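J.: Here it is: the structure, laid out below.
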Amino acid sequence: MARGKLRIYLGSAPGVGKTYDMLSEAHRRRERGTDIVVGFVQHHNRPRTEVLLHGLEQVPAKRVEYRGSVFEEMDLDAVLARRPAVALVDELAHTNVPGMRNHKRWQDIDELLAAGINVISTVNIQHLESLGDVVENITGVRQRETVPDEVVRRADQIELVDMSPEALRRRMAHGNIYTPDKIDAALSNYFRPGNLTALRELALLWVADRVDDYLRQYRTEHHISTTWQARERIVVGLTGGPEGRTLIRRAKRLATKGAGGEIMAVHISPSDGLSTASPKELAEQRALVEDLGGSYHHVVGDDITQALLDFARGVNATQIVLGTSRRQGWQYIFGPGVGSTVARESGPDLDVHIVTHEEAGKGRGLPLARGAHLGRSRIVAGWITGLALPPLLTVLLLGLGAGLSFTNTVLLFLCATLLAALIGGMLPALASAAFGSALLNYYFTEPVRTWLISDPQEIIAIAVFFAVAASVASLVDLAARRTTQAARLGAESEVMSLLADNVLRGESGLDALLERVRETLTVDSAALFERQEGEAGWTCVGRVGPDGTHLAGPEEADADMPVGDTMVLALTGRTLPAADRRLLGAFAANAAAVLERQRLANQAQEARKLAEGNRIRTALLAAVSHDLRTPLAAIKAAVTSLRSEEVAWSDEDEAELLRSIEESTDRLDTLVGNLLDMSRLHTGTLTPLLREVDLDEVVPQALTGLPDQSVALSVPETTPMVFADPGLLERSLANVVENAVAYSPTDQPVRITASTLGNRVELRVIDRGAGVPDSEKDRIFEPFQRYGDTRHGTGVGLGLAVARGFAEAMDGTLTAEDTPGGGLTMVLTLPAPPGHNTSTTAAEPPAQETT
């Protein structure tokens, strides 16, 4: 049975119309005769969306009772039994009510797909798991219901449903998304233009990356190597010279001319090394590329031109930026240069920009000084020279009848052999010497045109000629090998310098380092394995590479490098030559160092937690020794006065002293309670007992002891219950309200409002005090912090810290916002009971109510 296909409508923000578009698609398919049913769609009381459900077959929802409430969920068994060609299932990230077969709705959809049913679903960009932290930083709202990115990426079709922030806010203002009582709060909070613009950008970038994946997969499957200019990607070729910074800036200007332009700097180290490359210059250019938003790549290739073109076509680049050659004019006799060759061989799909710079024509040294080996073209040229010059020279001398002495003739043949040695190395030179010796013997020694030699001196001359030629060829070959070693060491030192720079700057993680191993050594996959001492099995602690090339253990590797007795860096794709083993060893050592650094960082984090615990314990001792003594001293003074027999206290005086004792006792009880609560939070011994709680049960208790008329309560009767621990909720709310009352003017009471926002309930404690700057909003929740409360000075700075700790223990949040018109608003967000039937779940993010 073929697996069904999944189509997802991905919304850039709530209310853009993804459910509306899904239902419109359903009507179009039904008109074409497709067997399509509605598995589960939530219209959120939006009239236009609800109208589209008419005319579509709907599978009745399954009613589930949970903790005294009845919730509606998709009846998975009924949809499977109905077995339509296409099923509509709304809200991919929805969490099912406990007791259902699957925890998440995307798991229900996976069962439908496995049964061969095509599914159309919806999800908003903020519910992708990888974007949770980003969305929280942008909107201030943590999305509790998420879906793994891989689930969405596996979809056969993804359609982005987008709308400009202005149009979406107009839809909101017209009442097409929320009910009228929530519109103002939503527009001033979650649906601010900045939030919507940022969410829109996230959606566009995520979909663009997905399109890149589709394009790359298609090009690979169809073996397409030509560039498709769907997006400007500019490759900058760096040689390590000072002109690189000019090229990078020029490429950035080119990229900014096109929407979404991307720059990628690449430095190619040929196998014969780069004697003119400056590691320091490359490091600075790499930093510049990254500062400008580009990426840096290091590639090893024998043919620099081909390696550059292969890299550009591999990343689907549209332009290549190169600098004018630094070679001097006479050096062009050795070839046209990389820039000219790339421009000639790039083809019509790649634009090549040759950028002038101040270093042009200043020289780079002799080409012969570079290279770990001579290369195929030079070896071929050497053989042609060694085998062609001796006969040509013979024809020339015989034809001209120059009448040269035998010694001069030998010297001319020696020059031909030396030229072959300089071009092609030792073997072409030896061949030239042997061929030249035979020609000298046959055509230039008496008797001519025979292999006999009558003059012994000529025999000596030919022998000396061959010996000198062999010696010179040997010296040239030795020099080439020495140059090879020096150049290769230079290339290795360059790579090691970059590795050391990464380690020192702490920028590269283990995966990034392993990816660099793949790039540099051109292998398919790289993995780092570790085992505990005395154990036989290996554990993979990091790996990179395409699917299907992952290693199960070092024994499956094509090349491996042990690091001590407990680690092995393993590679697949090709067998490395011995010359690359040293570089592999450097990578292995760096990989072990990076892994150790990560572990040390984790240990440092644990140490910071211990240090924070010590700081809190120290502060607790300070609080006990100082802040607790104040109410104790007041109680002691009042009791001593009452017991004194030397003073006759009036009824009013006794009442005042008793009131002082009561206030000091209450203050002492609050201080001790907060200290104990903070201790429980820090030690992790706090275990909330969560249940459905009515706010009318808790909120009045939290206000006990506060001055009359100091708090105005506005909790609608329609506000649902919350899923919380009653005691912790009461303590948390009491601390927040007491703090607000302390700083709010006496003529303006603190307001407490409640609203239902998605699957969450918000309690907002609003005061009209002086407020708190944005830079201090997080600090006020730290233990033993008292912002601007020197006038009050009645606490140890634990109230808000305890309140936030309790809120987070109940899967809630406590944040601070500015009150419009001045003051501070504390927002306590708590989850509604699971499966609350008015919840908009993952499709509707919380919007915040203001006063």
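Chain labels run A, B, ... following the order of the structure tokens; each chain numbers its residues from 1, and ligands are numbered from 1 in the order shown.
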Can you tell me which residues surround region 453-462 of chain A at a distance of at most 12 Å, considering only C-alpha atoms, apart from same-chain residues fewer than 6 positions away, and format the answer as a PyMOL selection string?

T.: chain A and resi 405-411+413-414+433-447+468-469

J.: Can you pull out the residues contacting Leu309 (chain A)? Cut-off 9 Å, using only C-alpha atoms, and skip same-chain residues under 2 positions away; I want them as number ranges by chain.

T.: A: 304-307, 311-314, 320, 342, 345-346

J.: Please, could you write that set of residues out with N, CA and C atoms as an mmCIF file, in the first residue's frame?

T.:
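Generated output (selection-v2.cif):
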data_model
loop_
_atom_site.group_PDB
_atom_site.id
_atom_site.type_symbol
_atom_site.label_atom_id
_atom_site.label_comp_id
_atom_site.auth_asym_id
_atom_site.auth_seq_id
_atom_site.Cartn_x
_atom_site.Cartn_y
_atom_site.Cartn_z
ATOM 1 N N ILE A 304 43.114 24.192 -9.220
ATOM 2 C CA ILE A 304 42.426 25.295 -8.540
ATOM 3 C C ILE A 304 41.235 25.767 -9.357
ATOM 4 N N THR A 305 41.421 25.896 -10.663
ATOM 5 C CA THR A 305 40.325 26.369 -11.514
ATOM 6 C C THR A 305 39.130 25.419 -11.445
ATOM 7 N N GLN A 306 39.388 24.133 -11.623
ATOM 8 C CA GLN A 306 38.301 23.161 -11.612
ATOM 9 C C GLN A 306 37.643 23.066 -10.247
ATOM 10 N N ALA A 307 38.466 23.119 -9.178
ATOM 11 C CA ALA A 307 37.916 23.058 -7.820
ATOM 12 C C ALA A 307 37.005 24.247 -7.547
ATOM 13 N N PHE A 311 33.018 23.895 -6.911
ATOM 14 C CA PHE A 311 32.403 24.424 -5.685
ATOM 15 C C PHE A 311 31.260 25.363 -6.039
ATOM 16 N N ALA A 312 31.483 26.263 -7.003
ATOM 17 C CA ALA A 312 30.447 27.234 -7.373
ATOM 18 C C ALA A 312 29.209 26.530 -7.906
ATOM 19 N N ARG A 313 29.398 25.519 -8.753
ATOM 20 C CA ARG A 313 28.238 24.807 -9.295
ATOM 21 C C ARG A 313 27.589 23.941 -8.228
ATOM 22 N N GLY A 314 28.382 23.441 -7.285
ATOM 23 C CA GLY A 314 27.824 22.613 -6.222
ATOM 24 C C GLY A 314 26.892 23.383 -5.309
ATOM 25 N N ILE A 320 30.845 34.607 -9.750
ATOM 26 C CA ILE A 320 32.141 34.380 -9.120
ATOM 27 C C ILE A 320 32.907 35.695 -9.156
ATOM 28 N N VAL A 342 39.118 30.529 -15.383
ATOM 29 C CA VAL A 342 37.761 30.423 -14.829
ATOM 30 C C VAL A 342 36.768 31.137 -15.729
ATOM 31 N N GLU A 345 36.141 28.942 -18.816
ATOM 32 C CA GLU A 345 35.488 27.653 -18.618
ATOM 33 C C GLU A 345 34.209 27.734 -17.797
ATOM 34 N N SER A 346 33.821 28.926 -17.386
ATOM 35 C CA SER A 346 32.638 29.046 -16.519
ATOM 36 C C SER A 346 31.351 28.745 -17.263
#

J.: List the neighbours of Asn96 (chain A) out to 8 Å using only C-alpha atoms; skip same-chain residues closer than 3 positions along the sequence, and give me the result as an MDAnalysis selection string.

T.: chainID A and resid 73 100 102:105 835

J.: Which neighbours of Ala559 (chain A) fall inside 7 Å, counting only C-alpha atoms, when residues of the same chain fewer than 2 positions from it are skipped, and could you give them as a ChimeraX atom specification?

T.: /A:557,570-572,575-576

J.: When you draw a straight line from CA of Arg3 (chain A) to CA of Gln42 (chain A), how long is it in Å?

T.: 26.0 Å

J.: Do a neighbour search on region 24-35 of chain A at 12 Å with only C-alpha atoms, toss out local chain neighbours closer than 2 positions, and write the hits as a tab-separated table (two decimals) with all heavy atoms, in the first residue's frame.

T.:
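Printed below is part22.tsv as written:
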chain	number	residue	atom	x	y	z
A	7	ARG	N	0.00	17.49	2.58
A	7	ARG	CA	0.06	18.89	2.13
A	7	ARG	C	-0.20	19.77	3.35
A	7	ARG	O	-1.16	19.54	4.10
A	7	ARG	CB	-0.98	19.15	1.05
A	7	ARG	CG	-1.02	20.61	0.55
A	7	ARG	CD	-2.18	20.79	-0.42
A	7	ARG	NE	-2.26	22.16	-0.90
A	7	ARG	CZ	-1.75	22.59	-2.05
A	7	ARG	NH1	-1.12	21.74	-2.84
A	7	ARG	NH2	-1.88	23.84	-2.43
A	8	ILE	N	0.66	20.75	3.56
A	8	ILE	CA	0.56	21.61	4.74
A	8	ILE	C	0.42	23.07	4.30
A	8	ILE	O	1.19	23.55	3.46
A	8	ILE	CB	1.80	21.46	5.65
A	8	ILE	CG1	1.84	20.06	6.26
A	8	ILE	CG2	1.80	22.52	6.75
A	8	ILE	CD1	3.06	19.82	7.14
A	9	TYR	N	-0.58	23.73	4.89
A	9	TYR	CA	-0.70	25.18	4.75
A	9	TYR	C	0.02	25.81	5.95
A	9	TYR	O	-0.42	25.67	7.09
A	9	TYR	CB	-2.16	25.61	4.71
A	9	TYR	CG	-2.83	25.35	3.37
A	9	TYR	CD1	-3.48	24.15	3.12
A	9	TYR	CD2	-2.77	26.29	2.36
A	9	TYR	CE1	-4.07	23.89	1.89
A	9	TYR	CE2	-3.37	26.05	1.12
A	9	TYR	CZ	-4.01	24.85	0.89
A	9	TYR	OH	-4.59	24.62	-0.32
A	17	GLY	N	-5.34	33.09	7.42
A	17	GLY	CA	-6.30	32.41	6.56
A	17	GLY	C	-5.90	31.04	6.09
A	17	GLY	O	-6.35	30.58	5.04
A	18	LYS	N	-5.07	30.34	6.86
A	18	LYS	CA	-4.62	29.02	6.41
A	18	LYS	C	-5.77	28.00	6.43
A	18	LYS	O	-5.90	27.19	5.52
A	18	LYS	CB	-3.45	28.54	7.27
A	18	LYS	CG	-3.75	28.40	8.75
A	18	LYS	CD	-2.51	28.09	9.53
A	18	LYS	CE	-2.86	27.87	11.01
A	18	LYS	NZ	-3.54	29.03	11.59
A	19	THR	N	-6.62	28.04	7.48
A	19	THR	CA	-7.77	27.13	7.52
A	19	THR	C	-8.76	27.47	6.42
A	19	THR	O	-9.33	26.57	5.78
A	19	THR	CB	-8.46	27.20	8.90
A	19	THR	OG1	-7.50	26.91	9.92
A	19	THR	CG2	-9.59	26.22	8.99
A	20	TYR	N	-8.94	28.75	6.15
A	20	TYR	CA	-9.83	29.20	5.07
A	20	TYR	C	-9.32	28.67	3.73
A	20	TYR	O	-10.09	28.14	2.92
A	20	TYR	CB	-9.88	30.72	5.06
A	20	TYR	CG	-10.88	31.31	4.09
A	20	TYR	CD1	-12.16	31.64	4.50
A	20	TYR	CD2	-10.52	31.56	2.77
A	20	TYR	CE1	-13.09	32.18	3.61
A	20	TYR	CE2	-11.42	32.09	1.88
A	20	TYR	CZ	-12.71	32.41	2.30
A	20	TYR	OH	-13.60	32.94	1.42
A	21	ASP	N	-8.02	28.78	3.48
A	21	ASP	CA	-7.45	28.29	2.23
A	21	ASP	C	-7.56	26.77	2.13
A	21	ASP	O	-7.79	26.22	1.04
A	21	ASP	CB	-5.98	28.70	2.12
A	21	ASP	CG	-5.81	30.18	1.81
A	21	ASP	OD1	-6.84	30.85	1.63
A	21	ASP	OD2	-4.66	30.66	1.76
A	22	MET	N	-7.38	26.07	3.26
A	22	MET	CA	-7.49	24.62	3.25
A	22	MET	C	-8.91	24.21	2.87
A	22	MET	O	-9.12	23.28	2.05
A	22	MET	CB	-7.11	24.05	4.62
A	22	MET	CG	-7.24	22.54	4.72
A	22	MET	SD	-6.79	21.88	6.36
A	22	MET	CE	-8.18	22.51	7.32
A	37	VAL	N	-13.09	14.33	2.93
A	37	VAL	CA	-13.89	14.52	4.15
A	37	VAL	C	-13.12	15.41	5.11
A	37	VAL	O	-11.89	15.55	5.02
A	37	VAL	CB	-14.20	13.18	4.84
A	37	VAL	CG1	-14.95	12.26	3.92
A	37	VAL	CG2	-12.94	12.52	5.37
A	38	VAL	N	-13.85	16.00	6.05
A	38	VAL	CA	-13.26	16.81	7.11
A	38	VAL	C	-13.04	15.92	8.32
A	38	VAL	O	-13.99	15.49	8.96
A	38	VAL	CB	-14.16	18.00	7.47
A	38	VAL	CG1	-13.56	18.78	8.63
A	38	VAL	CG2	-14.37	18.90	6.26
A	39	GLY	N	-11.78	15.59	8.59
A	39	GLY	CA	-11.47	14.79	9.77
A	39	GLY	C	-11.65	15.58	11.04
A	39	GLY	O	-12.28	15.13	12.00
A	41	VAL	N	-11.75	20.05	11.93
A	41	VAL	CA	-11.45	21.46	11.64
A	41	VAL	C	-12.06	22.30	12.74
A	41	VAL	O	-13.22	22.10	13.11
A	41	VAL	CB	-11.99	21.89	10.26
A	41	VAL	CG1	-11.92	23.41	10.12
A	41	VAL	CG2	-11.20	21.23	9.15
A	48	ARG	N	-16.79	33.40	8.38
A	48	ARG	CA	-16.40	33.08	7.01
A	48	ARG	C	-15.78	31.69	6.92
A	48	ARG	O	-15.96	30.99	5.93
A	48	ARG	CB	-15.44	34.13	6.48
A	48	ARG	CG	-16.07	35.52	6.37
A	48	ARG	CD	-15.12	36.52	5.74
A	48	ARG	NE	-15.72	37.84	5.63
A	48	ARG	CZ	-15.12	38.89	5.10
A	48	ARG	NH1	-13.89	38.77	4.62
A	48	ARG	NH2	-15.73	40.06	5.04
A	49	THR	N	-15.05	31.31	7.94
A	49	THR	CA	-14.46	29.97	7.95
A	49	THR	C	-15.54	28.93	8.18
A	49	THR	O	-15.55	27.86	7.55
A	49	THR	CB	-13.39	29.87	9.04
A	49	THR	OG1	-12.41	30.89	8.83
A	49	THR	CG2	-12.71	28.53	9.02
A	50	GLU	N	-16.50	29.24	9.07
A	50	GLU	CA	-17.56	28.29	9.39
A	50	GLU	C	-18.43	28.02	8.18
A	50	GLU	O	-18.88	26.89	7.95
A	50	GLU	CB	-18.40	28.83	10.54
A	50	GLU	CG	-19.40	27.84	11.09
A	50	GLU	CD	-20.12	28.36	12.32
A	50	GLU	OE1	-19.85	29.52	12.71
A	50	GLU	OE2	-20.95	27.62	12.89
A	51	VAL	N	-18.67	29.05	7.35
A	51	VAL	CA	-19.52	28.88	6.16
A	51	VAL	C	-18.90	27.87	5.20
A	51	VAL	O	-19.61	27.08	4.56
A	51	VAL	CB	-19.72	30.25	5.47
A	51	VAL	CG1	-20.31	30.05	4.07
A	51	VAL	CG2	-20.64	31.12	6.31
A	52	LEU	N	-17.57	27.86	5.11
A	52	LEU	CA	-16.90	26.96	4.17
A	52	LEU	C	-17.05	25.49	4.55
A	52	LEU	O	-16.79	24.61	3.73
A	52	LEU	CB	-15.42	27.32	4.06
A	52	LEU	CG	-15.08	28.55	3.22
A	52	LEU	CD1	-13.58	28.81	3.23
A	52	LEU	CD2	-15.57	28.39	1.79
A	53	LEU	N	-17.42	25.21	5.79
A	53	LEU	CA	-17.63	23.82	6.20
A	53	LEU	C	-18.91	23.24	5.61
A	53	LEU	O	-19.06	22.02	5.52
A	53	LEU	CB	-17.66	23.72	7.72
A	53	LEU	CG	-16.31	23.84	8.44
A	53	LEU	CD1	-16.51	23.96	9.94
A	53	LEU	CD2	-15.43	22.63	8.12
A	54	HIS	N	-19.83	24.13	5.22
A	54	HIS	CA	-21.09	23.66	4.64
A	54	HIS	C	-20.79	23.02	3.28
A	54	HIS	O	-20.03	23.55	2.47
A	54	HIS	CB	-22.08	24.81	4.47
A	54	HIS	CG	-22.44	25.47	5.76
A	54	HIS	ND1	-22.56	24.78	6.95
A	54	HIS	CD2	-22.70	26.78	6.07
A	54	HIS	CE1	-22.88	25.62	7.92
A	54	HIS	NE2	-22.96	26.85	7.42
A	55	GLY	N	-21.41	21.90	3.05
A	55	GLY	CA	-21.22	21.21	1.79
A	55	GLY	C	-20.10	20.19	1.80
A	55	GLY	O	-19.91	19.47	0.82
A	56	LEU	N	-19.36	20.12	2.90
A	56	LEU	CA	-18.29	19.14	3.02
A	56	LEU	C	-18.70	18.06	4.01
A	56	LEU	O	-19.28	18.36	5.07
A	56	LEU	CB	-16.98	19.80	3.50
A	56	LEU	CG	-16.34	20.82	2.57
A	56	LEU	CD1	-15.13	21.46	3.26
A	56	LEU	CD2	-15.91	20.18	1.25
A	57	GLU	N	-18.40	16.82	3.67
A	57	GLU	CA	-18.69	15.72	4.59
A	57	GLU	C	-17.75	15.81	5.80
A	57	GLU	O	-16.53	15.93	5.64
A	57	GLU	CB	-18.50	14.38	3.88
A	57	GLU	CG	-18.75	13.18	4.80
A	57	GLU	CD	-18.45	11.86	4.14
A	57	GLU	OE1	-18.26	11.85	2.89
A	57	GLU	OE2	-18.39	10.83	4.84
A	58	GLN	N	-18.34	15.74	7.02
A	58	GLN	CA	-17.54	15.85	8.24
A	58	GLN	C	-17.66	14.57	9.06
A	58	GLN	O	-18.78	14.09	9.29
A	58	GLN	CB	-18.00	17.04	9.09
A	58	GLN	CG	-17.88	18.39	8.39
A	58	GLN	CD	-18.26	19.54	9.30
A	58	GLN	OE1	-17.79	19.63	10.45
A	58	GLN	NE2	-19.12	20.43	8.82
A	82	ARG	N	-13.74	5.21	7.53
A	82	ARG	CA	-14.34	5.89	6.37
A	82	ARG	C	-13.41	5.80	5.15
A	82	ARG	O	-13.84	5.70	4.02
A	82	ARG	CB	-14.62	7.35	6.73
A	82	ARG	CG	-15.00	8.25	5.59
A	82	ARG	CD	-16.29	7.84	4.89
A	82	ARG	NE	-16.64	8.78	3.86
A	82	ARG	CZ	-16.08	8.84	2.65
A	82	ARG	NH1	-15.15	7.95	2.34
A	82	ARG	NH2	-16.47	9.73	1.77
A	83	ARG	N	-12.13	5.84	5.37
A	83	ARG	CA	-11.08	5.68	4.37
A	83	ARG	C	-11.31	6.57	3.13
A	83	ARG	O	-11.49	6.08	2.01
A	83	ARG	CB	-10.94	4.22	3.96
A	83	ARG	CG	-9.62	3.92	3.27
A	83	ARG	CD	-9.43	2.43	3.02
A	83	ARG	NE	-8.12	2.17	2.47
A	83	ARG	CZ	-6.97	2.20	3.15
A	83	ARG	NH1	-7.01	2.47	4.45
A	83	ARG	NH2	-5.83	1.96	2.57
A	84	PRO	N	-11.30	7.87	3.30
A	84	PRO	CA	-11.47	8.76	2.13
A	84	PRO	C	-10.16	8.85	1.34
A	84	PRO	O	-9.10	8.39	1.80
A	84	PRO	CB	-11.81	10.09	2.77
A	84	PRO	CG	-11.06	10.06	4.07
A	84	PRO	CD	-11.10	8.62	4.54
A	85	ALA	N	-10.22	9.47	0.18
A	85	ALA	CA	-8.99	9.71	-0.59
A	85	ALA	C	-8.19	10.83	0.06
A	85	ALA	O	-6.96	10.78	0.09
A	85	ALA	CB	-9.34	10.06	-2.04
A	86	VAL	N	-8.91	11.85	0.59
A	86	VAL	CA	-8.25	12.99	1.21
A	86	VAL	C	-8.98	13.33	2.50
A	86	VAL	O	-10.22	13.33	2.53
A	86	VAL	CB	-8.23	14.23	0.29
A	86	VAL	CG1	-7.52	15.40	0.97
A	86	VAL	CG2	-7.56	13.91	-1.05
A	87	ALA	N	-8.22	13.61	3.57
A	87	ALA	CA	-8.80	14.02	4.85
A	87	ALA	C	-8.24	15.38	5.24
A	87	ALA	O	-7.03	15.62	5.11
A	87	ALA	CB	-8.50	12.99	5.93
A	88	LEU	N	-9.13	16.26	5.72
A	88	LEU	CA	-8.69	17.56	6.24
A	88	LEU	C	-8.53	17.44	7.75
A	88	LEU	O	-9.47	17.06	8.45
A	88	LEU	CB	-9.72	18.65	5.93
A	88	LEU	CG	-10.15	18.83	4.47
A	88	LEU	CD1	-11.08	20.03	4.35
A	88	LEU	CD2	-8.94	19.02	3.57
A	89	VAL	N	-7.33	17.75	8.25
A	89	VAL	CA	-7.06	17.68	9.68
A	89	VAL	C	-6.38	18.99	10.08
A	89	VAL	O	-5.23	19.24	9.72
A	89	VAL	CB	-6.18	16.48	10.05
A	89	VAL	CG1	-6.02	16.40	11.56
A	89	VAL	CG2	-6.79	15.18	9.52
A	117	ILE	N	-4.00	7.33	3.14
A	117	ILE	CA	-4.93	8.45	3.03
A	117	ILE	C	-4.13	9.74	2.88
A	117	ILE	O	-3.23	10.03	3.68
A	117	ILE	CB	-5.84	8.53	4.26
A	117	ILE	CG1	-6.65	7.25	4.41
A	117	ILE	CG2	-6.76	9.75	4.18
A	117	ILE	CD1	-7.46	7.17	5.70
A	118	ASN	N	-4.42	10.53	1.86
A	118	ASN	CA	-3.79	11.84	1.71
A	118	ASN	C	-4.38	12.80	2.74
A	118	ASN	O	-5.58	12.76	3.02
A	118	ASN	CB	-4.01	12.39	0.30
A	118	ASN	CG	-3.38	11.51	-0.76
A	118	ASN	OD1	-2.35	10.89	-0.52
A	118	ASN	ND2	-4.00	11.44	-1.93
A	119	VAL	N	-3.53	13.66	3.28
A	119	VAL	CA	-3.95	14.55	4.35
A	119	VAL	C	-3.57	15.98	4.00
A	119	VAL	O	-2.47	16.24	3.49
A	119	VAL	CB	-3.30	14.16	5.70
A	119	VAL	CG1	-3.69	15.15	6.80
A	119	VAL	CG2	-3.71	12.75	6.10
A	120	ILE	N	-4.48	16.91	4.28
A	120	ILE	CA	-4.21	18.34	4.19
A	120	ILE	C	-4.33	18.90	5.60
A	120	ILE	O	-5.35	18.69	6.27
A	120	ILE	CB	-5.19	19.06	3.25
A	120	ILE	CG1	-5.15	18.41	1.85
A	120	ILE	CG2	-4.85	20.53	3.15
A	120	ILE	CD1	-6.13	19.04	0.87
A	121	SER	N	-3.29	19.61	6.07
A	121	SER	CA	-3.28	20.11	7.43
A	121	SER	C	-2.78	21.54	7.46
A	121	SER	O	-2.40	22.11	6.42
A	121	SER	CB	-2.40	19.22	8.33
A	121	SER	OG	-2.52	19.59	9.69
A	159	GLU	N	2.64	24.97	1.45
A	159	GLU	CA	2.19	26.22	0.86
A	159	GLU	C	2.16	27.30	1.94
A	159	GLU	O	1.49	27.13	2.98
A	159	GLU	CB	0.82	26.06	0.21
A	159	GLU	CG	0.33	27.34	-0.46
A	159	GLU	CD	-0.89	27.12	-1.32
A	159	GLU	OE1	-1.08	25.97	-1.80
A	159	GLU	OE2	-1.66	28.08	-1.53

J.: To test your reading of the structure, identify every residue in region 393-614 of chain A that backbone DSSP assigns to alpha helix (DSSP H), and report it as a ChimeraX atom specification.

T.: /A:393-400,406-424,426-444,456-505,510-521,581-614

J.: Let me make sure I understand: among A:Thr719, A:Ser775, A:Thr483, A:Thr256, which one has the smallest atom-to-atom distance to Thr756 (chain A) if we use only C-alpha atoms?

T.: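 Checking each of A:Thr719, A:Ser775, A:Thr483, A:Thr256 against Thr756 (chain A), counting only C-alpha atoms, the winner is A:Thr719.
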
J.: Counting only C-alpha atoms, what is within 10 Å of region 653-664 of chain A, bar same-chain residues fewer than 3 positions away, as a PyMOL selection string?

T.: chain A and resi 628+630-639+641-642+648-650+667-670

J.: CA of His127 (chain A) and CA of Pro180 (chain A), how far apart in Å?

T.: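 Computing it gives 25.4 Å between the two atoms.
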
J.: Residues of region 230-312 of chain A in strand (DSSP E) according to DSSP, as a list in words?

T.: Arg233, Ile234, Val235, Val236, Gly237, Leu238, Glu262, Ile263, Met264, Ala265, Val266, His267, Ile268, Ser269, Ser295, Tyr296, His297, His298, Val299 and Val300 of chain A

J.: Between A:Val315, A:Val698, A:Ala114, A:Val736, which has the minimum distance to Val750 (chain A) (counting only C-alpha atoms)?

T.: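 Closest candidate: A:Val736.
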
J.: Could you tell me which of A:Ala832, A:Leu10, A:Ala61, A:Val134 comes closest to Leu92 (chain A) if we count only C-alpha atoms?

T.: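 Checking each candidate against Leu92 (chain A), we get A:Leu10 as the closest.
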